[in-house]
Amino acid sequence: MTAVDENKQAVETVTLTIDGIETTVPKGTLIIRAAEEIGVDIPRFCDHPALEPAGACRQCLVDVAAPDREGNVRPFPKPQPSCTMTVMNGMVVNTQHTSESAKKAQEGVMELLLINHPLDCPICDKGGECPLQNQAMSHGRSETRFVDVKRVYEKPLALSSEVLLDRERCVLCQRCTRFSKEIAGDPFIDLQNRGAMQQIGTFNEDVLEFEGYEPLAASAEDESGRPFSSYYSGNTIQICPVGALTSAAYRFRSRPFDLTSSAGISEHDSSGSALRTDHRRGKILRRLADNDPVVNEEWLSDKDRFAFTWQNQADRLTRPLVRNEDGELVEASWPDALAAAAQGLKAAATPADEDTAAAGVGVLPGGRVTMEDAYAYGKFARAVLGTNDVDTRTRVASDEEQAFLGAKVAGTGIGVTFTDLEKAPAVLLVGFEPEDEGGVVFLRMFKSVGKQDVLTVAPFLSRGSEKLGATLIATAPGGEAEALGTLTSEQREALSVEGAVIVVGERVAGSAGALTAAVKLSEETGAGLAWIPRRAGERGAVEAGALPGLLPGGRSVADAGARAAVASAWGVESLPATEGRDAAAIVSAAIDGEIGALLVGGVTASDVPGLAEAVEAAPFVVSIEVRMSDVAANADVVLPVAPPSEKSGTFVNWEGRLRSFATAIRTQAVSDHRMLAMIARELGVELGTAVLEGATAELAALGADDSQRPAARAVAAGEQLTAEGDALVLATWHLLVDDGALQDGEPYLAGTGRTAVARVSAATAESLGVSSGSLVTVGEGDEPIELPVVVTDMVDGVVWIPTKSPGSWVVDSLGASAGDVVRVRGVAR
Amino acid sequence: MTERDEVWKVNRAKDGEDKPFESNLPKHGEIGQMLLPIAGFGITLRNFFKPTVTEQYPREPAKLEKRYHGRHQLNRYPDGLEKCIGCELCAWACPADAIYVEADSNEPDAQYSPGERYGRVYQINYLRCIFCGLCIEACPTRALTMTNDFELAGPTREGLIYEKDDLLAPLEDGMLAAPHPMVPGTTDNDYYRGDVLATAQSQVDWVKEHRPEDPTIETAQKAGSRG
Ligand code: SF4
Ligand code: SF4
Ligand code: SF4
Ligand code: FES
C-alpha cells in the first residue's frame, strides 16, 4: 500500500447522501463542500473557502435529514444553511435539485435579498460577472412581486479613496468584514445598525488606537464618520459577491466581456504574487489576485493590485533619444541610438588615453529587473565592457551582504517557503517589516497569529508587527548585531524548536555585523534563514550574477576556477578578475571623475544618494528606461524598454521560486536583455540574450557550483552611533504605499497610503520639547523634512520617518540612511 | 462486385425508364391554349391604369415605414442631458460586434447624463452593423433608438465608424447642451421615470457661467422662462 493511501486512512471519514448520491468525505466537511465535490452546486453568497463560515446570507438552504440518537433518520423541520453545517454519518441532504422545499426556500431568500436591491445592473461594475445576477437568474423567481418603494442610501460611500461602497447593493454577506478581520487583521469595517437599516461601515479609529496610521485622503462620512485604512482593502472588492464594493480606479471603466485576461506576476515586491491582468485595446484596466496556493493564496496587496498606471504615463518612452551637438536630447533612429550607445560605452571601456582616470563603465541595472535582464546586465558588464562594476543593489548594501548572498542565497534553490513561514513555531524578524516591505508575507504570517512566537528586532512595534502579536527586541538602527547576540535564553529556545525561521530584510546590510550575527544564530539554533528583500528583482539578480563580486549561480569573482568556468561557458578568453565596485562606490567614483561612463537601468535619483550628481558628472551616460526619469533626462543616450506587462521573463521571489510570466500586452517595446544584446552586437559581440530562451538556457546550463561560492565573511558588529542632544539616530523604511516610481499615476491608491509622521519616544520628545501633533524638522540644509510628531513606545534617541512617503524623501532631503545621525528640531508654532 | 457498381446499376436502370415530362402549370382548353401567347399582354394592359410605384430616389426622398431600421441615434432628456449611461448592454447584445462603448464617471463640473455614469466613448461601426435592432431592445434607458436615415455610404472605412457626436440626437428647442448639472432636486430615477420635463433656470445659469458662448442658452432660456 502506498503512503498516500495510508494517509487517507488516517483521516476520519463520514458517508452521507446528497441528492441521492452517496459520498464519503473527511469528518468536519461542510455540506456545501461535500456537494461541490460530487458536482452538485448550491447557490451561495457569504460562503468563501478561505473565510470562517458565517451563515449570513441564507442563500444556500437545503433540506437535511440526520440520524437522531436512536439512529432513525429524521428530517430537520426547516431547510438548513449548507455552508455552516458539517456532515454527519447517514445524513441525507436534498438540495434544490431534488427538494421542492429547498428550492422554494432559496427562491424566498433570493426574493428577500432583491427587495431592497436597486435595479442598478446597467451602471454597476459587477454587471456581467455578478453572482447575484447569475443566481437570481438560475435560482430566483422569474417575476418580482415587490411593488413598494425601495430603501435608498447616498451612494457611493467612499470607505477610502480607493474602496467605494454602494450600501443598497450590499447583501450583508460579511465577506468583506470577515476578510478584514480574519485575513488582513484590519477590522476597520463592520456591520452597523440593525434590521432593514443594517449596513457596512467603518470603525471608529479612536477605539482602535491607530494613531499615526491615518490614510492620506479622508473618506466620506458613514455612520461612524471614520476612514478605512488597510494595505489589503482591494481584496474585499474582489470577494464581494455583488457590486457593493467597487474600486475608484475601475469604477465605470469596463465590462468583463471587453477584457482580455492574462496571467502575470507582480513587479512590486519580492513575493512574486500571482495576479491576473485585465486589459482592453492594449490598456490595463485592472489587476486581480490569481489563486496560487503556495504563494499569495488568493490575495494581493493593494500595491500589487492597483499600481499599474505608472507604465502608461505621458512620460513613457517609445523612441530612442540621443543628445545632439547642442546638448539637447532628441529622438533618433534605432540604428543611430544603438551606435551612439555602443560607441560611447566602448570609448569609456577602452579609453584612447591610457592614463585617464575617467575610464571604465559602471553598470546599475536597478532592483526591478527580471532574472534574464539581470543576467544580461551582468554578462554585458563582464564579457563586453570587461568590468565587474555592476550592481543591482541601488539601496543600502555592503560587502558583508554580498558575501552572505553568495554563500547562503544564490543558487540554493527554494529554501524557506511561505508555508514554512506560516507554519513556523517561531519567527525572528531582523530589519524586516512584513506588512510594509513584504505585502503578502504579512498575510501568510497573520494566518498563524497566536500560534506563532514572533520576535522583531526593530526600533518600535510597527502596526504590522503589532497585529502579528510580535515581541519587540527594541534596537536602535546599527545595534542589530548586538541585539542578535544578546537574545534571552527563552528567545533562543523558541528559535531552536524545529521549523523556526529567522527572516532578514535587505535593510540589515546597512548594519555592520548583523548578517554575520544572523547566520551565527541560525547555525546555533538550527532555525531556517530567509532573506526577504523588498524589490522584485533582487533575488533574481543575485542568482544571475548582477552583483560586483558574484557570477551566475553564486560563483565568486575572486575564485579563478569560477571565472574560468563562466568564461568558457560564455566563450570568452577570461573574465575581469579585479573585484568590482558596488552601487554606492560606482556613484562616488563617477562623482570623483573616476568612471568613463554609466549604464543605468530602472534606477531613479531618489534611490541612491548622489546618483543625480554622478549622472551629471559622468562623461557618458546610457539610460535604459521605461519612462523619462531624472536619470534619463540627463543621459546621453536613452533607450526605451518594455514594462513588465509588455514583456515576458522571470522574477525569482524571496523563496527562490521561479515566477515566470508571459507577455500580457504585445507591443513593439523590447526587454532589457534584448536591448543589451543589440548594443553588444554593435560592438561585435553576440551576447546570446536577444531572446528570452537564450538567456534562460545559458543560466540553466551554468547552474550553481557550491565549491566556487564566496566564503561567508564574518564581520564584527559595527560601532553604533548614539544620539546626542538633538542629533538622533535615524530609523527608516519604505511604507508599502508611498511615493515609489511604480506607484505613479494612481491617486486613489496614493490616498490609502499612510500619512508621513516622525516617531520618537516619550523621553526623546521631552528632551526635544515636542509632543504628539507638534511639528519637527529632520535634517539640516535648505529643505529639511518637516513632519508631525507621533510619540511612540520605542527606543530613546531614535527618530523614525518613512523613506519615501509624501513629504518625507529621505535620500533626496537628507542623503542619509538608517543608522546615521540626523538633527531633529521642534518647530515653533 | 462493389457497392459502387451496385449504385451505378440502379441509376442506369432509372435512366432507362421511359416516363414523359409533365409540367406543373395549369392545363388549358383548346381556346385557352390558343390565346396563351398574348395572355401576358393583359398584365401589361392592366398596369397601364394603376398608379406608378417607381421611386425617384435620390431625386425624391425615399418612402420608408416608420419602423424602418436606419442609422442609430443617442437620445436626450428634455433638458438636454444624454440618456446614455455607458452600460455597454447594446455592445453586449450586438451580434455583429459593431458597437464599442467606454463609460466614465460624471463629475460635478462635467455632468453629461443623470446619475453617476455616462458614455464617454460611443462608436458604431456601420461596416459591421446589420440593423437588427437588438441593441435598441437591450438599452435600459431608451437612449439608443434607430432613425430612418439609411444613407450610410462613404469612401473610407474610418468614416463609417460613427462617433458619439455623429450619433447624438440634435438639440431641440429648449434643450441645453450637456454637460450641465441635473435639474435641482431630482435624482437619476426621476429622469428614468420621465418626470423631468424641461430645462430649469439654474441649469441655464450654470451653462451661462461656464460656457457663456453656448448657442443653446438662448432657446433654453425661453423654454425656462415659459416653464
Ligand atoms: S450587484 Fe449584481 S445584481 Fe446588483 S446591481 Fe450590481 S450587477 Fe446588478
Ligand atoms: S459589501 Fe459586499 S462583501 Fe461586504 S457584506 Fe456587503 S455584499 Fe458582502
Ligand atoms: S446606448 Fe443604451 S445600452 Fe448602449 S451604452 Fe448607452 S445606455 Fe447602455
Ligand atoms: S452561503 Fe450559506 S448562508 Fe450564505
# chains A, B, ... in the order shown; residues from 1 in each chain; ligands from 1
$ residues_near_ligand --ligand "ligand 1" --cutoff "9 Å" --atoms "only C-alpha atoms and all ligand atoms" --output "ChimeraX atom specification"
/A:114,117-134,136,168-171,241-244
$ residues_around --residues "Gly593 (chain A)" --least-positions-apart "2" --cutoff "9 Å" --atoms "only C-alpha atoms" --output "VMD selection string"
chain A and resid 357 to 359 588 to 591 595 to 596 614 617 to 619
$ write_last_selection --atoms "N, CA and C atoms" --output "short mmCIF file (atom, residue, chain, number, x, y, z; two decimals), in the first residue's frame"
data_model
loop_
_atom_site.label_atom_id
_atom_site.label_comp_id
_atom_site.auth_asym_id
_atom_site.auth_seq_id
_atom_site.Cartn_x
_atom_site.Cartn_y
_atom_site.Cartn_z
N ALA A 357 41.91 58.98 -15.78
CA ALA A 357 41.26 58.39 -14.60
C ALA A 357 39.83 57.99 -14.96
N ALA A 358 39.24 58.77 -15.87
CA ALA A 358 37.84 58.52 -16.21
C ALA A 358 37.73 57.36 -17.18
N ALA A 359 38.01 56.18 -16.69
CA ALA A 359 37.94 55.02 -17.56
C ALA A 359 37.00 53.99 -16.95
N SER A 588 30.04 57.17 -6.25
CA SER A 588 31.03 58.14 -5.78
C SER A 588 32.21 58.23 -6.73
N ALA A 589 32.55 57.11 -7.39
CA ALA A 589 33.62 57.16 -8.38
C ALA A 589 33.23 58.08 -9.53
N ALA A 590 31.96 58.00 -9.94
CA ALA A 590 31.51 58.86 -11.03
C ALA A 590 31.58 60.32 -10.63
N ILE A 591 31.20 60.59 -9.38
CA ILE A 591 31.26 61.98 -8.91
C ILE A 591 32.70 62.47 -8.91
N ILE A 595 35.18 57.47 -13.51
CA ILE A 595 34.48 56.48 -14.32
C ILE A 595 34.19 57.10 -15.68
N GLY A 596 34.32 56.33 -16.73
CA GLY A 596 34.17 56.86 -18.07
C GLY A 596 32.72 56.95 -18.53
N ALA A 614 26.16 62.05 -9.84
CA ALA A 614 27.00 61.13 -10.60
C ALA A 614 26.64 61.16 -12.08
N ALA A 617 28.03 64.19 -13.56
CA ALA A 617 29.49 64.22 -13.64
C ALA A 617 30.04 63.23 -14.66
N ALA A 618 29.37 62.10 -14.83
CA ALA A 618 29.91 61.08 -15.72
C ALA A 618 29.99 61.62 -17.14
N PRO A 619 31.09 61.35 -17.85
CA PRO A 619 31.25 61.86 -19.21
C PRO A 619 30.19 61.31 -20.18
#
$ residues_near_ligand --ligand "ligand 4" --cutoff "9 Å" --atoms "only C-alpha atoms and all ligand atoms" --output "CSV table (one decimal) with N, CA, C and O atoms, in the first residue's frame"
chain,number,residue,atom,x,y,z
A,32,ILE,N,-21.8,22.1,2.0
A,32,ILE,CA,-21.7,22.8,0.7
A,32,ILE,C,-20.4,22.3,-0.1
A,32,ILE,O,-20.4,22.1,-1.3
A,42,ILE,N,-24.7,24.5,-5.1
A,42,ILE,CA,-25.7,25.1,-4.3
A,42,ILE,C,-25.4,26.6,-4.3
A,42,ILE,O,-24.3,27.0,-4.2
A,43,PRO,N,-26.4,27.4,-4.6
A,43,PRO,CA,-26.2,28.9,-4.7
A,43,PRO,C,-25.7,29.4,-3.3
A,43,PRO,O,-26.0,28.9,-2.3
A,44,ARG,N,-24.8,30.4,-3.4
A,44,ARG,CA,-24.3,31.0,-2.1
A,44,ARG,C,-23.8,32.4,-2.4
A,44,ARG,O,-23.4,32.7,-3.5
A,45,PHE,N,-23.7,33.2,-1.3
A,45,PHE,CA,-23.1,34.5,-1.3
A,45,PHE,C,-22.0,34.6,-0.3
A,45,PHE,O,-20.9,35.0,-0.6
A,46,CYS,N,-22.3,34.3,1.0
A,46,CYS,CA,-21.4,34.6,2.0
A,46,CYS,C,-20.3,33.5,2.1
A,46,CYS,O,-19.2,33.8,2.6
A,47,ASP,N,-20.6,32.3,1.7
A,47,ASP,CA,-19.6,31.2,1.8
A,47,ASP,C,-18.3,31.5,1.0
A,47,ASP,O,-18.4,31.9,-0.2
A,48,HIS,N,-17.2,31.4,1.6
A,48,HIS,CA,-15.9,31.6,0.9
A,48,HIS,C,-14.9,30.6,1.6
A,48,HIS,O,-14.8,30.6,2.8
A,53,PRO,N,-17.0,30.1,8.3
A,53,PRO,CA,-18.4,30.1,7.9
A,53,PRO,C,-19.2,31.2,8.7
A,53,PRO,O,-18.9,31.4,9.8
A,54,ALA,N,-20.1,31.8,8.0
A,54,ALA,CA,-20.9,32.9,8.7
A,54,ALA,C,-22.4,32.6,8.7
A,54,ALA,O,-23.1,32.9,9.6
A,55,GLY,N,-22.8,31.9,7.6
A,55,GLY,CA,-24.3,31.7,7.5
A,55,GLY,C,-25.1,33.0,7.5
A,55,GLY,O,-26.1,33.1,8.1
A,56,ALA,N,-24.5,34.0,6.8
A,56,ALA,CA,-25.2,35.3,6.8
A,56,ALA,C,-26.2,35.5,5.8
A,56,ALA,O,-27.2,36.2,6.0
A,57,CYS,N,-26.1,34.9,4.6
A,57,CYS,CA,-27.0,35.3,3.5
A,57,CYS,C,-28.2,34.3,3.4
A,57,CYS,O,-29.2,34.7,2.8
A,58,ARG,N,-28.1,33.1,3.9
A,58,ARG,CA,-29.1,32.1,3.9
A,58,ARG,C,-29.5,31.6,2.4
A,58,ARG,O,-30.6,31.1,2.2
A,59,GLN,N,-28.6,31.9,1.5
A,59,GLN,CA,-29.0,31.5,0.1
A,59,GLN,C,-28.7,30.0,-0.1
A,59,GLN,O,-29.2,29.4,-1.1
A,60,CYS,N,-28.0,29.4,0.8
A,60,CYS,CA,-27.6,28.0,0.5
A,60,CYS,C,-28.4,27.0,1.2
A,60,CYS,O,-28.0,25.9,1.5
A,61,LEU,N,-29.7,27.4,1.5
A,61,LEU,CA,-30.6,26.5,2.3
A,61,LEU,C,-30.8,25.1,1.5
A,61,LEU,O,-31.1,25.2,0.3
A,80,GLN,N,-31.9,24.0,6.0
A,80,GLN,CA,-30.7,24.4,6.8
A,80,GLN,C,-29.6,25.0,5.9
A,80,GLN,O,-29.5,24.6,4.8
A,81,PRO,N,-28.9,26.0,6.4
A,81,PRO,CA,-27.8,26.5,5.6
A,81,PRO,C,-26.7,25.5,5.4
A,81,PRO,O,-26.1,25.0,6.4
A,82,SER,N,-26.3,25.1,4.2
A,82,SER,CA,-25.3,24.1,4.0
A,82,SER,C,-23.9,24.6,4.1
A,82,SER,O,-23.0,23.8,4.2
A,83,CYS,N,-23.7,25.9,4.3
A,83,CYS,CA,-22.4,26.4,4.4
A,83,CYS,C,-21.9,26.4,5.8
A,83,CYS,O,-20.7,26.8,6.1
A,84,THR,N,-22.8,26.2,6.8
A,84,THR,CA,-22.3,26.2,8.2
A,84,THR,C,-22.5,24.9,8.8
A,84,THR,O,-22.0,24.6,9.9
A,173,CYS,N,-23.4,39.9,3.3
A,173,CYS,CA,-22.8,38.6,3.5
A,173,CYS,C,-21.7,38.6,4.4
A,173,CYS,O,-21.2,37.6,4.9
$ residues_around --residues "Val147 (chain A)" --least-positions-apart "3" --cutoff "10 Å" --atoms "only C-alpha atoms" --output "ChimeraX atom specification"
/A:115,144,150
$ atom_distance --atom1 "CA of Ala635 (chain A)" --atom2 "CA of Pro335 (chain A)"
17.7 Å
$ residues_near_ligand --ligand "ligand 3" --cutoff "9 Å" --atoms "only C-alpha atoms and all ligand atoms" --output "PyMOL selection string"
(chain A and resi 122-123) or (chain B and resi 73-75+83-93+99-103+118-119+122+135-145)
$ select_by_dssp --residues "region 5-142 of chain B" --states "strand (DSSP E or B)" --output "MDAnalysis selection string"
chainID B and resid 72:74 76 82 99:105 107 110 117:125
$ write_last_selection --atoms "N, CA and C atoms" --output "PDB file, in the first residue's frame"
ATOM      1  N   HIS B  72     -28.493  54.729 -36.108  1.00  0.00           N
ATOM      2  CA  HIS B  72     -28.869  54.879 -34.704  1.00  0.00           C
ATOM      3  C   HIS B  72     -28.864  56.339 -34.288  1.00  0.00           C
ATOM      4  N   GLN B  73     -29.488  56.562 -33.150  1.00  0.00           N
ATOM      5  CA  GLN B  73     -29.455  57.900 -32.568  1.00  0.00           C
ATOM      6  C   GLN B  73     -29.369  57.776 -31.061  1.00  0.00           C
ATOM      7  N   LEU B  74     -28.566  58.611 -30.435  1.00  0.00           N
ATOM      8  CA  LEU B  74     -28.476  58.640 -28.975  1.00  0.00           C
ATOM      9  C   LEU B  74     -29.326  59.806 -28.482  1.00  0.00           C
ATOM     10  N   ARG B  76     -31.738  62.338 -25.962  1.00  0.00           N
ATOM     11  CA  ARG B  76     -31.506  63.230 -24.819  1.00  0.00           C
ATOM     12  C   ARG B  76     -32.788  63.381 -24.010  1.00  0.00           C
ATOM     13  N   GLU B  82     -27.739  63.710 -21.732  1.00  0.00           N
ATOM     14  CA  GLU B  82     -27.754  62.500 -22.552  1.00  0.00           C
ATOM     15  C   GLU B  82     -28.417  61.349 -21.810  1.00  0.00           C
ATOM     16  N   ILE B  99     -20.666  47.653 -31.978  1.00  0.00           N
ATOM     17  CA  ILE B  99     -20.732  48.791 -31.055  1.00  0.00           C
ATOM     18  C   ILE B  99     -19.579  48.731 -30.071  1.00  0.00           C
ATOM     19  N   TYR B 100     -18.989  49.868 -29.812  1.00  0.00           N
ATOM     20  CA  TYR B 100     -17.914  49.958 -28.825  1.00  0.00           C
ATOM     21  C   TYR B 100     -18.222  51.109 -27.876  1.00  0.00           C
ATOM     22  N   VAL B 101     -18.226  50.820 -26.584  1.00  0.00           N
ATOM     23  CA  VAL B 101     -18.572  51.839 -25.592  1.00  0.00           C
ATOM     24  C   VAL B 101     -17.518  51.857 -24.499  1.00  0.00           C
ATOM     25  N   GLU B 102     -17.175  53.038 -24.063  1.00  0.00           N
ATOM     26  CA  GLU B 102     -16.372  53.180 -22.851  1.00  0.00           C
ATOM     27  C   GLU B 102     -17.090  54.167 -21.956  1.00  0.00           C
ATOM     28  N   ALA B 103     -17.325  53.770 -20.725  1.00  0.00           N
ATOM     29  CA  ALA B 103     -18.046  54.650 -19.809  1.00  0.00           C
ATOM     30  C   ALA B 103     -17.068  55.450 -18.969  1.00  0.00           C
ATOM     31  N   ASP B 104     -17.582  56.383 -18.232  1.00  0.00           N
ATOM     32  CA  ASP B 104     -16.768  57.138 -17.290  1.00  0.00           C
ATOM     33  C   ASP B 104     -17.686  57.740 -16.236  1.00  0.00           C
ATOM     34  N   SER B 105     -17.078  58.351 -15.237  1.00  0.00           N
ATOM     35  CA  SER B 105     -17.878  58.942 -14.161  1.00  0.00           C
ATOM     36  C   SER B 105     -18.240  60.379 -14.517  1.00  0.00           C
ATOM     37  N   GLU B 107     -18.742  64.038 -13.441  1.00  0.00           N
ATOM     38  CA  GLU B 107     -18.147  64.835 -12.365  1.00  0.00           C
ATOM     39  C   GLU B 107     -19.043  66.047 -12.146  1.00  0.00           C
ATOM     40  N   ALA B 110     -18.745  68.298 -14.855  1.00  0.00           N
ATOM     41  CA  ALA B 110     -18.895  67.711 -16.189  1.00  0.00           C
ATOM     42  C   ALA B 110     -19.930  66.610 -16.114  1.00  0.00           C
ATOM     43  N   ARG B 117     -22.900  57.788 -14.052  1.00  0.00           N
ATOM     44  CA  ARG B 117     -22.155  57.167 -15.135  1.00  0.00           C
ATOM     45  C   ARG B 117     -22.615  57.712 -16.486  1.00  0.00           C
ATOM     46  N   TYR B 118     -21.715  57.895 -17.397  1.00  0.00           N
ATOM     47  CA  TYR B 118     -22.104  58.303 -18.757  1.00  0.00           C
ATOM     48  C   TYR B 118     -21.209  57.612 -19.770  1.00  0.00           C
ATOM     49  N   GLY B 119     -21.624  57.644 -21.002  1.00  0.00           N
ATOM     50  CA  GLY B 119     -20.830  57.012 -22.056  1.00  0.00           C
ATOM     51  C   GLY B 119     -19.840  58.021 -22.613  1.00  0.00           C
ATOM     52  N   ARG B 120     -18.576  57.799 -22.325  1.00  0.00           N
ATOM     53  CA  ARG B 120     -17.560  58.750 -22.789  1.00  0.00           C
ATOM     54  C   ARG B 120     -17.218  58.497 -24.261  1.00  0.00           C
ATOM     55  N   VAL B 121     -17.053  57.231 -24.599  1.00  0.00           N
ATOM     56  CA  VAL B 121     -16.778  56.883 -25.988  1.00  0.00           C
ATOM     57  C   VAL B 121     -17.955  56.061 -26.480  1.00  0.00           C
ATOM     58  N   TYR B 122     -18.479  56.400 -27.637  1.00  0.00           N
ATOM     59  CA  TYR B 122     -19.558  55.600 -28.197  1.00  0.00           C
ATOM     60  C   TYR B 122     -19.347  55.501 -29.695  1.00  0.00           C
ATOM     61  N   GLN B 123     -19.121  54.310 -30.176  1.00  0.00           N
ATOM     62  CA  GLN B 123     -18.864  54.143 -31.611  1.00  0.00           C
ATOM     63  C   GLN B 123     -19.737  53.032 -32.171  1.00  0.00           C
ATOM     64  N   ILE B 124     -20.296  53.287 -33.362  1.00  0.00           N
ATOM     65  CA  ILE B 124     -20.951  52.196 -34.093  1.00  0.00           C
ATOM     66  C   ILE B 124     -20.259  52.080 -35.444  1.00  0.00           C
ATOM     67  N   ASN B 125     -19.855  50.888 -35.733  1.00  0.00           N
ATOM     68  CA  ASN B 125     -19.169  50.627 -36.990  1.00  0.00           C
ATOM     69  C   ASN B 125     -20.210  50.170 -38.011  1.00  0.00           C
TER      70      ASN B 125
END
$ closest_atom_pairs --of "chain A" --to "chain B" --cutoff "8 Å" --atoms "only C-alpha atoms" --output "CSV"
residue,atom,partner,partner_atom,distance
A:Pro122,CA,B:Cys87,CA,4.9
A:Ile123,CA,B:Cys87,CA,5.7
A:Arg251,CA,B:Ser105,CA,7.6
A:Phe252,CA,B:Asp104,CA,5.3
A:Arg253,CA,B:Ala103,CA,5.7
A:Ser254,CA,B:Glu102,CA,6.6
A:Arg255,CA,B:Glu88,CA,7.4
A:Phe257,CA,B:Trp92,CA,7.7
$ residues_around --residues "Tyr375 (chain A)" --least-positions-apart "6" --cutoff "12 Å" --atoms "only C-alpha atoms" --output "PyMOL selection string"
chain A and resi 365+369+381-383+390-392+537-547+550-553+570+649-651+672-674+676-677+687-690+692+694-700+702
$ select_by_dssp --residues "region 15-154 of chain B" --states "helix (DSSP H, G or I)" --output "VMD selection string"
chain B and resid 15 to 16 30 to 48 89 to 93 134 to 138
$ write_last_selection --atoms "N, CA and C atoms" --output "JSON list (two decimals), in the first residue's frame"
[["chain", "number", "residue", "atom", "x", "y", "z"],
["B", 15, "ASP", "N", -32.43, 5.52, -65.64],
["B", 15, "ASP", "CA", -32.26, 6.23, -66.89],
["B", 15, "ASP", "C", -33.11, 5.59, -67.99],
["B", 16, "GLY", "N", -33.18, 4.29, -67.92],
["B", 16, "GLY", "CA", -33.89, 3.57, -68.96],
["B", 16, "GLY", "C", -35.41, 3.73, -68.89],
["B", 30, "GLU", "N", -58.71, 24.15, -75.55],
["B", 30, "GLU", "CA", -58.23, 24.46, -76.89],
["B", 30, "GLU", "C", -58.04, 25.95, -77.08],
["B", 31, "ILE", "N", -59.12, 26.76, -76.75],
["B", 31, "ILE", "CA", -59.10, 28.21, -76.98],
["B", 31, "ILE", "C", -58.04, 28.84, -76.10],
["B", 32, "GLY", "N", -58.14, 28.41, -74.88],
["B", 32, "GLY", "CA", -57.15, 28.96, -73.92],
["B", 32, "GLY", "C", -55.74, 28.73, -74.42],
["B", 33, "GLN", "N", -55.54, 27.55, -74.92],
["B", 33, "GLN", "CA", -54.22, 27.21, -75.43],
["B", 33, "GLN", "C", -53.81, 28.18, -76.54],
["B", 34, "MET", "N", -54.80, 28.57, -77.37],
["B", 34, "MET", "CA", -54.51, 29.44, -78.50],
["B", 34, "MET", "C", -54.16, 30.85, -78.03],
["B", 35, "LEU", "N", -54.89, 31.30, -76.97],
["B", 35, "LEU", "CA", -54.68, 32.69, -76.51],
["B", 35, "LEU", "C", -53.41, 32.85, -75.65],
["B", 36, "LEU", "N", -52.88, 31.73, -75.27],
["B", 36, "LEU", "CA", -51.74, 31.81, -74.32],
["B", 36, "LEU", "C", -50.63, 32.78, -74.74],
["B", 37, "PRO", "N", -50.21, 32.77, -75.97],
["B", 37, "PRO", "CA", -49.07, 33.64, -76.33],
["B", 37, "PRO", "C", -49.34, 35.11, -76.08],
["B", 38, "ILE", "N", -50.61, 35.60, -76.13],
["B", 38, "ILE", "CA", -50.84, 37.03, -75.92],
["B", 38, "ILE", "C", -51.43, 37.33, -74.55],
["B", 39, "ALA", "N", -51.67, 36.25, -73.75],
["B", 39, "ALA", "CA", -52.28, 36.48, -72.43],
["B", 39, "ALA", "C", -51.43, 37.40, -71.58],
["B", 40, "GLY", "N", -50.11, 37.33, -71.72],
["B", 40, "GLY", "CA", -49.20, 38.16, -70.92],
["B", 40, "GLY", "C", -49.45, 39.64, -71.12],
["B", 41, "PHE", "N", -49.91, 40.04, -72.32],
["B", 41, "PHE", "CA", -50.16, 41.47, -72.56],
["B", 41, "PHE", "C", -51.22, 42.01, -71.63],
["B", 42, "GLY", "N", -52.12, 41.13, -71.19],
["B", 42, "GLY", "CA", -53.19, 41.56, -70.29],
["B", 42, "GLY", "C", -52.62, 42.16, -69.02],
["B", 43, "ILE", "N", -51.55, 41.56, -68.50],
["B", 43, "ILE", "CA", -50.94, 42.07, -67.27],
["B", 43, "ILE", "C", -50.42, 43.48, -67.54],
["B", 44, "THR", "N", -49.74, 43.64, -68.68],
["B", 44, "THR", "CA", -49.20, 44.93, -69.03],
["B", 44, "THR", "C", -50.32, 45.96, -69.13],
["B", 45, "LEU", "N", -51.40, 45.56, -69.80],
["B", 45, "LEU", "CA", -52.52, 46.46, -70.01],
["B", 45, "LEU", "C", -53.15, 46.89, -68.69],
["B", 46, "ARG", "N", -53.31, 45.92, -67.80],
["B", 46, "ARG", "CA", -53.93, 46.23, -66.51],
["B", 46, "ARG", "C", -53.10, 47.28, -65.78],
["B", 47, "ASN", "N", -51.77, 47.18, -65.86],
["B", 47, "ASN", "CA", -50.91, 48.08, -65.10],
["B", 47, "ASN", "C", -50.84, 49.49, -65.68],
["B", 48, "PHE", "N", -51.31, 49.64, -66.95],
["B", 48, "PHE", "CA", -51.39, 50.98, -67.51],
["B", 48, "PHE", "C", -52.23, 51.89, -66.66],
["B", 89, "LEU", "N", -24.65, 47.60, -22.60],
["B", 89, "LEU", "CA", -25.56, 46.48, -22.88],
["B", 89, "LEU", "C", -25.83, 46.37, -24.37],
["B", 90, "CYS", "N", -25.82, 47.51, -25.07],
["B", 90, "CYS", "CA", -26.03, 47.46, -26.52],
["B", 90, "CYS", "C", -24.86, 46.74, -27.18],
["B", 91, "ALA", "N", -23.66, 47.04, -26.71],
["B", 91, "ALA", "CA", -22.48, 46.40, -27.30],
["B", 91, "ALA", "C", -22.53, 44.90, -27.05],
["B", 92, "TRP", "N", -23.05, 44.55, -25.86],
["B", 92, "TRP", "CA", -23.14, 43.16, -25.48],
["B", 92, "TRP", "C", -24.15, 42.43, -26.36],
["B", 93, "ALA", "N", -25.27, 43.12, -26.62],
["B", 93, "ALA", "CA", -26.35, 42.49, -27.37],
["B", 93, "ALA", "C", -26.00, 42.35, -28.85],
["B", 134, "LEU", "N", -31.23, 44.73, -32.14],
["B", 134, "LEU", "CA", -31.13, 44.08, -30.82],
["B", 134, "LEU", "C", -30.57, 45.05, -29.78],
["B", 135, "CYS", "N", -29.72, 45.97, -30.23],
["B", 135, "CYS", "CA", -29.15, 46.96, -29.31],
["B", 135, "CYS", "C", -30.26, 47.84, -28.75],
["B", 136, "ILE", "N", -31.23, 48.16, -29.60],
["B", 136, "ILE", "CA", -32.33, 49.02, -29.17],
["B", 136, "ILE", "C", -33.12, 48.33, -28.08],
["B", 137, "GLU", "N", -33.33, 47.02, -28.28],
["B", 137, "GLU", "CA", -34.06, 46.27, -27.27],
["B", 137, "GLU", "C", -33.29, 46.21, -25.96],
["B", 138, "ALA", "N", -31.95, 46.17, -26.06],
["B", 138, "ALA", "CA", -31.14, 46.00, -24.86],
["B", 138, "ALA", "C", -31.04, 47.28, -24.05]]
$ residues_around --residues "Gln221 (chain B)" --least-positions-apart "6" --cutoff "12 Å" --atoms "only C-alpha atoms" --output "PyMOL selection string"
chain B and resi 79+173-176+198-208+214-215+227
$ atom_distance --atom1 "CA of Glu490 (chain A)" --atom2 "CA of Thr475 (chain A)"
18.2 Å
$ residues_around --residues "Leu197 (chain B)" --least-positions-apart "2" --cutoff "9 Å" --atoms "only C-alpha atoms" --output "count of residues only"
7
$ closest_residue --among "B:Thr147, B:Leu160, B:Ala153, B:Arg211" --to "Ala178 (chain B)" --atoms "only C-alpha atoms"
B:Arg211
